[in-house]
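Asker: Structure: target.txt, compact mmCIF, C-alpha atoms.
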```txt
# COMPACT_ATOMS: atom_id res chain seq x y z
CA MET A 171 122.12 22.90 199.61
CA PRO A 172 119.28 22.18 197.22
CA GLY A 173 116.89 25.11 197.42
CA THR A 174 114.56 27.29 195.41
CA ALA A 175 114.52 30.87 194.19
CA THR A 176 111.21 32.56 193.38
CA LEU A 177 110.50 36.08 192.20
CA SER A 178 107.38 37.30 193.98
CA ARG A 179 106.11 40.88 193.62
CA GLU A 180 109.58 42.11 192.62
CA VAL A 181 111.13 40.45 195.65
CA MET A 182 113.52 37.54 195.15
CA VAL A 183 112.83 34.85 197.73
CA LEU A 184 115.65 32.34 198.27
CA ARG A 185 114.89 29.14 200.15
CA PRO A 186 118.02 27.17 201.02
CA GLN A 187 117.57 23.79 202.68
CA GLY A 188 119.45 21.60 205.15
CA GLU A 189 122.79 22.48 206.72
CA LEU A 190 124.74 25.59 205.70
CA ASP A 191 128.46 25.35 206.42
CA VAL A 192 131.59 26.61 204.64
CA GLN A 193 130.90 24.30 201.69
CA THR A 194 127.12 24.05 201.55
CA SER A 195 126.55 27.81 201.86
CA GLN A 196 128.31 28.46 198.54
CA PRO A 197 125.23 27.86 196.33
CA LEU A 198 123.36 30.44 198.45
CA ARG A 199 126.23 32.92 197.95
CA GLU A 200 125.95 32.34 194.20
CA GLN A 201 122.16 32.76 194.21
CA ILE A 202 122.50 36.08 196.07
CA GLN A 203 125.23 37.32 193.71
CA ASP A 204 123.23 36.20 190.70
CA SER A 205 120.07 38.00 191.90
CA LEU A 206 121.99 41.22 192.53
CA ARG A 207 123.68 41.02 189.11
CA ARG A 208 120.26 40.71 187.46
CA GLY A 209 119.09 43.81 189.31
CA ASN A 210 116.94 41.99 191.86
CA THR A 211 118.14 43.91 194.90
CA ARG A 212 115.15 43.19 197.12
CA LEU A 213 115.97 39.83 198.63
CA VAL A 214 114.36 37.59 201.21
CA VAL A 215 116.23 34.53 202.48
CA ASP A 216 113.75 32.09 203.99
CA LEU A 217 115.62 29.93 206.51
CA SER A 218 112.61 27.85 207.61
CA GLU A 219 114.07 24.69 206.06
CA VAL A 220 117.62 25.32 207.26
CA THR A 221 118.62 23.23 210.25
CA TYR A 222 122.17 24.49 210.82
CA VAL A 223 124.28 27.57 210.12
CA ASP A 224 127.93 28.24 210.90
CA SER A 225 129.94 31.46 210.71
CA SER A 226 130.58 30.93 206.98
CA ALA A 227 126.83 30.97 206.31
CA LEU A 228 126.47 34.08 208.48
CA GLY A 229 129.26 35.62 206.40
CA VAL A 230 127.36 34.87 203.18
CA LEU A 231 124.24 36.59 204.56
CA VAL A 232 126.11 39.59 205.99
CA THR A 233 127.98 40.08 202.70
CA GLY A 234 124.68 39.78 200.83
CA LEU A 235 123.09 42.41 203.07
CA LYS A 236 126.05 44.75 202.54
CA GLN A 237 125.93 44.35 198.75
CA ALA A 238 122.14 44.66 198.54
CA ARG A 239 122.26 47.90 200.56
CA LYS A 240 124.99 49.24 198.30
CA ALA A 241 122.64 48.63 195.36
CA ASN A 242 119.86 50.51 197.19
CA GLY A 243 118.11 47.26 198.05
CA CYS A 244 117.96 45.07 201.13
CA LEU A 245 118.32 41.47 202.21
CA LYS A 246 115.76 40.39 204.80
CA LEU A 247 115.37 37.10 206.63
CA CYS A 248 112.47 34.94 207.74
CA GLY A 249 111.73 31.52 209.21
CA LEU A 250 114.54 31.38 211.78
CA ARG A 251 114.03 28.78 214.46
CA GLY A 252 115.79 26.49 216.94
CA ASN A 253 119.57 26.35 216.67
CA VAL A 254 119.60 28.71 213.68
CA LEU A 255 117.81 31.43 215.65
CA ARG A 256 120.12 30.85 218.63
CA VAL A 257 123.22 31.47 216.50
CA PHE A 258 121.76 34.75 215.26
CA GLU A 259 120.96 35.76 218.85
CA LEU A 260 124.40 34.77 220.08
CA THR A 261 126.14 36.87 217.44
CA ARG A 262 123.56 39.68 217.84
CA LEU A 263 122.91 39.53 214.12
CA THR A 264 119.22 39.78 215.02
CA LYS A 265 119.91 43.52 215.41
CA PHE A 266 121.41 43.92 211.97
CA PHE A 267 118.93 42.03 209.85
CA GLU A 268 115.25 42.70 209.43
CA ILE A 269 113.77 39.37 210.51
CA TYR A 270 110.18 38.22 209.91
CA GLU A 271 108.18 35.14 210.84
CA THR A 272 107.13 34.26 207.30
CA ALA A 273 108.22 34.99 203.73
CA GLU A 274 104.85 36.66 203.10
CA GLN A 275 105.47 39.18 205.89
CA ALA A 276 109.03 39.82 204.65
CA ILE A 277 107.80 40.41 201.08
CA LYS A 278 105.08 42.81 202.27
CA SER A 279 107.65 44.84 204.26
CA PHE A 280 109.36 46.11 201.09
CA MET B 244 143.65 12.09 226.98
CA GLU B 245 143.13 8.57 228.38
CA GLN B 246 141.75 5.88 226.13
CA GLU B 247 138.67 4.43 227.80
CA ASN B 248 136.40 7.47 227.76
CA THR B 249 137.83 8.97 224.60
CA TYR B 250 136.49 8.82 221.05
CA ARG B 251 138.84 9.70 218.23
CA LEU B 252 138.39 10.67 214.61
CA ARG B 253 141.26 11.34 212.18
CA ILE B 254 140.00 12.72 208.92
CA PRO B 255 141.43 14.58 205.89
CA SER B 256 141.21 18.37 206.11
CA ARG B 257 138.39 18.90 203.57
CA THR B 258 135.20 20.93 203.70
CA GLU B 259 133.07 17.94 202.70
CA ASN B 260 134.23 16.14 205.85
CA LEU B 261 132.84 18.79 208.20
CA GLU B 262 129.44 17.12 208.15
CA ILE B 263 131.01 13.82 209.27
CA ILE B 264 132.79 15.62 212.11
CA ARG B 265 129.53 17.30 213.19
CA GLU B 266 127.72 13.94 213.20
CA PHE B 267 130.52 12.28 215.16
CA VAL B 268 130.58 14.91 217.88
CA SER B 269 126.85 15.48 218.15
CA LYS B 270 126.09 11.75 218.48
CA ILE B 271 128.52 11.43 221.39
CA ALA B 272 127.15 14.58 223.06
CA ARG B 273 123.54 13.46 222.58
CA ASN B 274 124.24 9.96 223.93
CA ALA B 275 126.00 11.53 226.92
CA GLY B 276 122.75 13.28 227.84
CA PHE B 277 123.28 16.88 226.70
CA SER B 278 120.15 18.83 225.75
CA GLU B 279 119.48 19.44 222.05
CA GLU B 280 120.42 23.10 222.62
CA ASP B 281 123.81 22.11 224.07
CA VAL B 282 124.36 19.50 221.34
CA GLY B 283 123.80 22.31 218.81
CA LYS B 284 126.33 24.52 220.59
CA ILE B 285 128.95 21.77 220.81
CA GLN B 286 128.66 20.77 217.16
CA LEU B 287 128.86 24.40 216.00
CA ALA B 288 131.96 25.08 218.14
CA VAL B 289 133.71 21.97 216.80
CA ASP B 290 132.64 22.82 213.24
CA GLU B 291 134.13 26.31 213.60
CA ALA B 292 137.42 24.94 214.97
CA CYS B 293 137.66 22.39 212.13
CA THR B 294 136.63 24.96 209.49
CA ASN B 295 139.55 27.11 210.66
CA VAL B 296 141.88 24.14 210.11
CA VAL B 297 140.47 23.42 206.63
CA LYS B 298 140.64 27.06 205.56
CA HIS B 299 143.91 28.18 207.11
CA ALA B 300 146.15 25.45 208.59
CA TYR B 301 147.45 23.65 205.52
CA ASP B 302 147.21 26.21 202.70
CA GLY B 303 144.55 24.10 200.98
CA ASP B 304 146.38 20.74 201.21
CA THR B 305 143.43 18.36 201.59
CA GLN B 306 145.61 15.31 202.36
CA LYS B 307 146.65 16.60 205.77
CA PRO B 308 144.75 15.41 208.84
CA ILE B 309 142.43 16.90 211.41
CA ASP B 310 142.31 14.97 214.67
CA VAL B 311 139.21 15.24 216.79
CA ALA B 312 139.24 13.68 220.24
CA VAL B 313 136.15 13.71 222.43
CA ARG B 314 136.51 12.75 226.08
CA LEU B 315 133.62 12.10 228.35
CA ASP B 316 133.96 12.68 232.09
CA TYR B 317 131.27 12.58 234.76
CA ASP B 318 130.86 16.37 234.77
CA ARG B 319 132.01 17.47 231.32
CA LEU B 320 132.68 16.77 227.66
CA THR B 321 136.11 17.81 226.40
CA ILE B 322 136.88 18.11 222.71
CA VAL B 323 140.38 18.60 221.38
CA VAL B 324 140.89 19.52 217.72
CA THR B 325 144.49 19.08 216.58
CA ASP B 326 146.29 19.94 213.36
CA GLU B 327 149.93 20.02 212.26
CA GLY B 328 149.60 23.13 210.13
CA LYS B 329 150.96 26.61 210.32
CA GLY B 330 149.00 27.73 213.39
CA PHE B 331 147.68 31.18 214.21
CA ASP B 332 147.56 33.70 217.01
CA PRO B 333 144.07 33.45 218.56
CA LYS B 334 144.50 36.85 220.22
CA ALA B 335 145.07 38.50 216.83
CA VAL B 336 141.59 37.51 215.65
CA GLU B 337 139.76 38.05 218.92
CA ILE B 338 136.67 40.25 218.72
CA SER B 339 136.53 42.47 221.79
CA ASP B 340 133.21 44.16 221.04
CA ILE B 341 130.77 42.20 218.89
CA ALA B 342 128.35 45.13 218.47
CA GLU B 343 131.09 47.41 217.17
CA TYR B 344 132.48 44.64 214.99
CA LEU B 345 129.12 43.90 213.38
CA ALA B 346 128.30 47.58 212.97
CA GLU B 347 131.01 47.53 210.33
CA LEU B 348 129.45 44.31 208.98
CA ARG B 349 132.74 42.46 209.16
CA VAL B 350 132.77 38.67 209.23
CA GLY B 351 136.32 37.26 209.62
CA GLY B 352 137.04 36.08 213.15
CA LEU B 353 133.39 35.34 213.86
CA GLY B 354 134.20 31.61 214.16
CA ILE B 355 136.63 32.20 217.03
CA TYR B 356 134.09 34.47 218.72
CA LEU B 357 131.43 31.77 218.37
CA ILE B 358 133.65 29.07 219.88
CA ARG B 359 134.28 31.26 222.94
CA SER B 360 130.58 32.07 223.27
CA LEU B 361 129.35 28.50 222.83
CA MET B 362 131.68 26.57 225.12
CA ASP B 363 132.39 26.86 228.86
CA GLU B 364 136.19 26.73 228.51
CA VAL B 365 138.42 27.26 225.46
CA GLU B 366 142.22 26.99 225.36
CA TYR B 367 144.61 27.22 222.46
CA SER B 368 148.02 25.60 222.29
CA ILE B 369 149.91 26.66 219.18
CA GLN B 370 153.17 25.10 217.96
CA PRO B 371 153.29 25.94 214.23
CA GLY B 372 154.12 22.96 212.00
CA VAL B 373 154.22 20.64 214.99
CA ARG B 374 150.92 20.59 216.85
CA ASN B 375 148.18 23.18 217.12
CA GLN B 376 145.31 22.42 219.46
CA VAL B 377 142.09 23.96 220.54
CA ARG B 378 140.62 22.40 223.68
CA MET B 379 136.94 23.05 224.34
CA VAL B 380 134.94 22.03 227.39
CA LYS B 381 131.19 21.84 227.96
CA TYR B 382 129.93 21.02 231.45
CA PHE B 383 126.79 19.06 232.14
CA GLY B 384 124.26 21.43 233.67
CA GLY B 385 125.60 24.39 231.77
CA SER B 386 127.63 26.38 234.27
CA PRO B 387 131.36 26.00 234.88
CA GLU B 388 130.97 27.93 238.16
CA ARG B 389 128.64 25.31 239.53
CA PRO B 390 130.41 22.82 241.84
CA PRO B 391 130.78 19.53 240.00
CA LEU B 392 128.52 16.71 241.07
CA SER B 393 130.04 13.45 242.15
CA PRO B 394 129.36 10.53 239.76
CA ARG B 395 127.02 9.07 242.40
CA SER B 396 124.92 12.21 242.85
CA ARG B 397 124.73 12.72 239.07
CA ARG B 398 123.38 9.22 238.68
CA ALA B 399 120.90 9.85 241.48
CA GLN B 400 119.62 12.96 239.72
CA LYS B 401 118.72 11.05 236.58
```
What would you get if you wrote out this structure as structure tokens?

Answerer:
Amino acid sequence: MPGTATLSREVMVLRPQGELDVQTSQPLREQIQDSLRRGNTRLVVDLSEVTYVDSSALGVLVTGLKQARKANGCLKLCGLRGNVLRVFELTRLTKFFEIYETAEQAIKSF
Amino acid sequence: MEQENTYRLRIPSRTENLEIIREFVSKIARNAGFSEEDVGKIQLAVDEACTNVVKHAYDGDTQKPIDVAVRLDYDRLTIVVTDEGKGFDPKAVEISDIAEYLAELRVGGLGIYLIRSLMDEVEYSIQPGVRNQVRMVKYFGGSPERPPLSPRSRRAQK
């Protein structure tokens, strides 16, 4: 999962790429943990370049949301499409995450 | 499973092999004529079943095998994932109410829930240490309730 992490207006934007399964979602888990440890508790995960997620990746995001909330922050999502969006709909996780079309909109929402 | 319509993959139980399993299954499903949406569902269901094997069946022994068999029939695709590990009780990890479950932001057991949601039929056969199987079926046309088409009428529809 090569990807980028950018701090924009005090919001950490994480952009994983490719397929996120039990193995390839681990770097994202580390990026989220690392951001929270450094006190960046406002997180946006941009999934626009992610083509696949399984339940392990969902677990990483749900855990991240839980931890960010605990630290008085939040983890928001953007850029969901195709199969990735369908998995979120199927698991009804669309109701638990704040989801935006673009990273810009997600950043502005904080 | 009979031989002629069946594709088989035996692969070590390792996380890095999940991508190979996904490719294997999705290529067969795509070639069989499933929509991209259904191909996505099938590959996720198989990925979840195999992830369960990698994470739980063999206590981390990456030398042990996962067997994936994909059978193509005129009205359906059947995938059987088999391991020889310690097995589990599918009922024990069943999520009865997804909304309630997620309200607590829990995550374990989500894979089993996904498999049930993604496929038309799912059956488990558990014999710990001998043979544990999950059998998953996806019908062409989406609905298991729909009367199956004969091979001739399916060809005519194409």

Asker: Any idea what the distance is between atom CA of B:Glu337 and atom CA of B:Arg374?

Answerer: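 One can read the atom CA of B:Glu337 to atom CA of B:Arg374 distance as 20.8 Å.
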
Asker: Which residues are close to stretch 346-362 of chain B, i.e. within 6 Å by only C-alpha atoms, leaving aside same-chain residues fewer than 2 positions away? Reply as a list of chain:residue names.

Answerer: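 The residues that qualify are A:Ser225, A:Gly229, B:Lys284, B:Ala288, B:Glu291, B:Val336, B:Glu343, B:Tyr344, B:Glu364, B:Lys381.
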
Asker: Counting only C-alpha atoms, figure out which residue out of B:Val313, B:Val323, B:Val365, B:Leu287 gets nearest to B:Thr249.

Answerer: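 Comparing B:Val313, B:Val323, B:Val365, B:Leu287 against B:Thr249, the winner is B:Val313.
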
Asker: Which residues of chain A come within 12 Å of chain B, and what is each one's closest atom pair and distance in Å (one decimal), counting all atoms listed in the file, sorted by chain and residue number, as a tab-separated table?

Answerer:
```
residue	atom	partner	partner_atom	distance
A:Gly188	CA	B:Glu262	CA	11.4
A:Glu189	CA	B:Glu262	CA	8.7
A:Leu190	CA	B:Glu262	CA	10.0
A:Asp191	CA	B:Leu261	CA	8.1
A:Val192	CA	B:Thr258	CA	6.8
A:Gln193	CA	B:Thr258	CA	5.8
A:Thr194	CA	B:Glu259	CA	8.6
A:Ser195	CA	B:Thr258	CA	11.2
A:Gln196	CA	B:Thr258	CA	11.4
A:Thr221	CA	B:Gly283	CA	10.0
A:Tyr222	CA	B:Gly283	CA	8.4
A:Val223	CA	B:Leu287	CA	8.1
A:Asp224	CA	B:Leu287	CA	6.5
A:Ser225	CA	B:Gly354	CA	5.5
A:Ser226	CA	B:Gly354	CA	8.1
A:Ala227	CA	B:Val350	CA	10.2
A:Leu228	CA	B:Val350	CA	7.8
A:Gly229	CA	B:Val350	CA	5.4
A:Val230	CA	B:Val350	CA	9.0
A:Leu231	CA	B:Val350	CA	9.9
A:Val232	CA	B:Leu348	CA	6.5
A:Thr233	CA	B:Leu348	CA	7.7
A:Gly234	CA	B:Leu348	CA	10.5
A:Leu235	CA	B:Leu348	CA	8.9
A:Lys236	CA	B:Leu348	CA	7.3
A:Gln237	CA	B:Leu348	CA	10.8
A:Arg239	CA	B:Leu348	CA	11.6
A:Arg251	CA	B:Glu280	CA	11.8
A:Gly252	CA	B:Glu280	CA	8.1
A:Asn253	CA	B:Gly283	CA	6.2
A:Val254	CA	B:Gly283	CA	9.2
A:Leu255	CA	B:Glu280	CA	11.2
A:Arg256	CA	B:Glu280	CA	8.7
A:Val257	CA	B:Leu357	CA	8.4
A:Phe258	CA	B:Leu357	CA	10.6
A:Glu259	CA	B:Ser360	CA	11.2
A:Leu260	CA	B:Ser360	CA	7.5
A:Thr261	CA	B:Ile341	CA	7.2
A:Arg262	CA	B:Ala342	CA	7.3
A:Leu263	CA	B:Leu345	CA	7.6
A:Thr264	CA	B:Leu345	CA	10.8
A:Lys265	CA	B:Ala342	CA	9.1
A:Phe266	CA	B:Leu345	CA	7.8
A:Phe267	CA	B:Leu348	CA	10.8
```

Asker: Near stretch 268-270 of chain A, counting all atoms listed in the file, which residues have an atom at most 6 Å away, once you skip same-chain residues fewer than 2 positions from it, shown as a PyMOL selection string?

Answerer: chain A and resi 246-248+272+276

Asker: Take every atom of stretch 265-273 of chain A listed in the file, fit an axis-aligned box around them, add 8 Å per side, and give the centre and edge lengths in Å to one decimal as lines of an AutoDock Vina configuration file.

Answerer:
```
center_x = 114.3
center_y = 39.1
center_z = 209.6
size_x = 30.3
size_y = 25.7
size_z = 27.7
```

Asker: So which one's closest to B:Asp302, B:Ser339, B:Glu327, B:Gln376, B:Ala275? Using all atoms listed in the file, please.

Answerer: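 The shortest atom-to-atom distance to B:Asp302 comes from B:Glu327.
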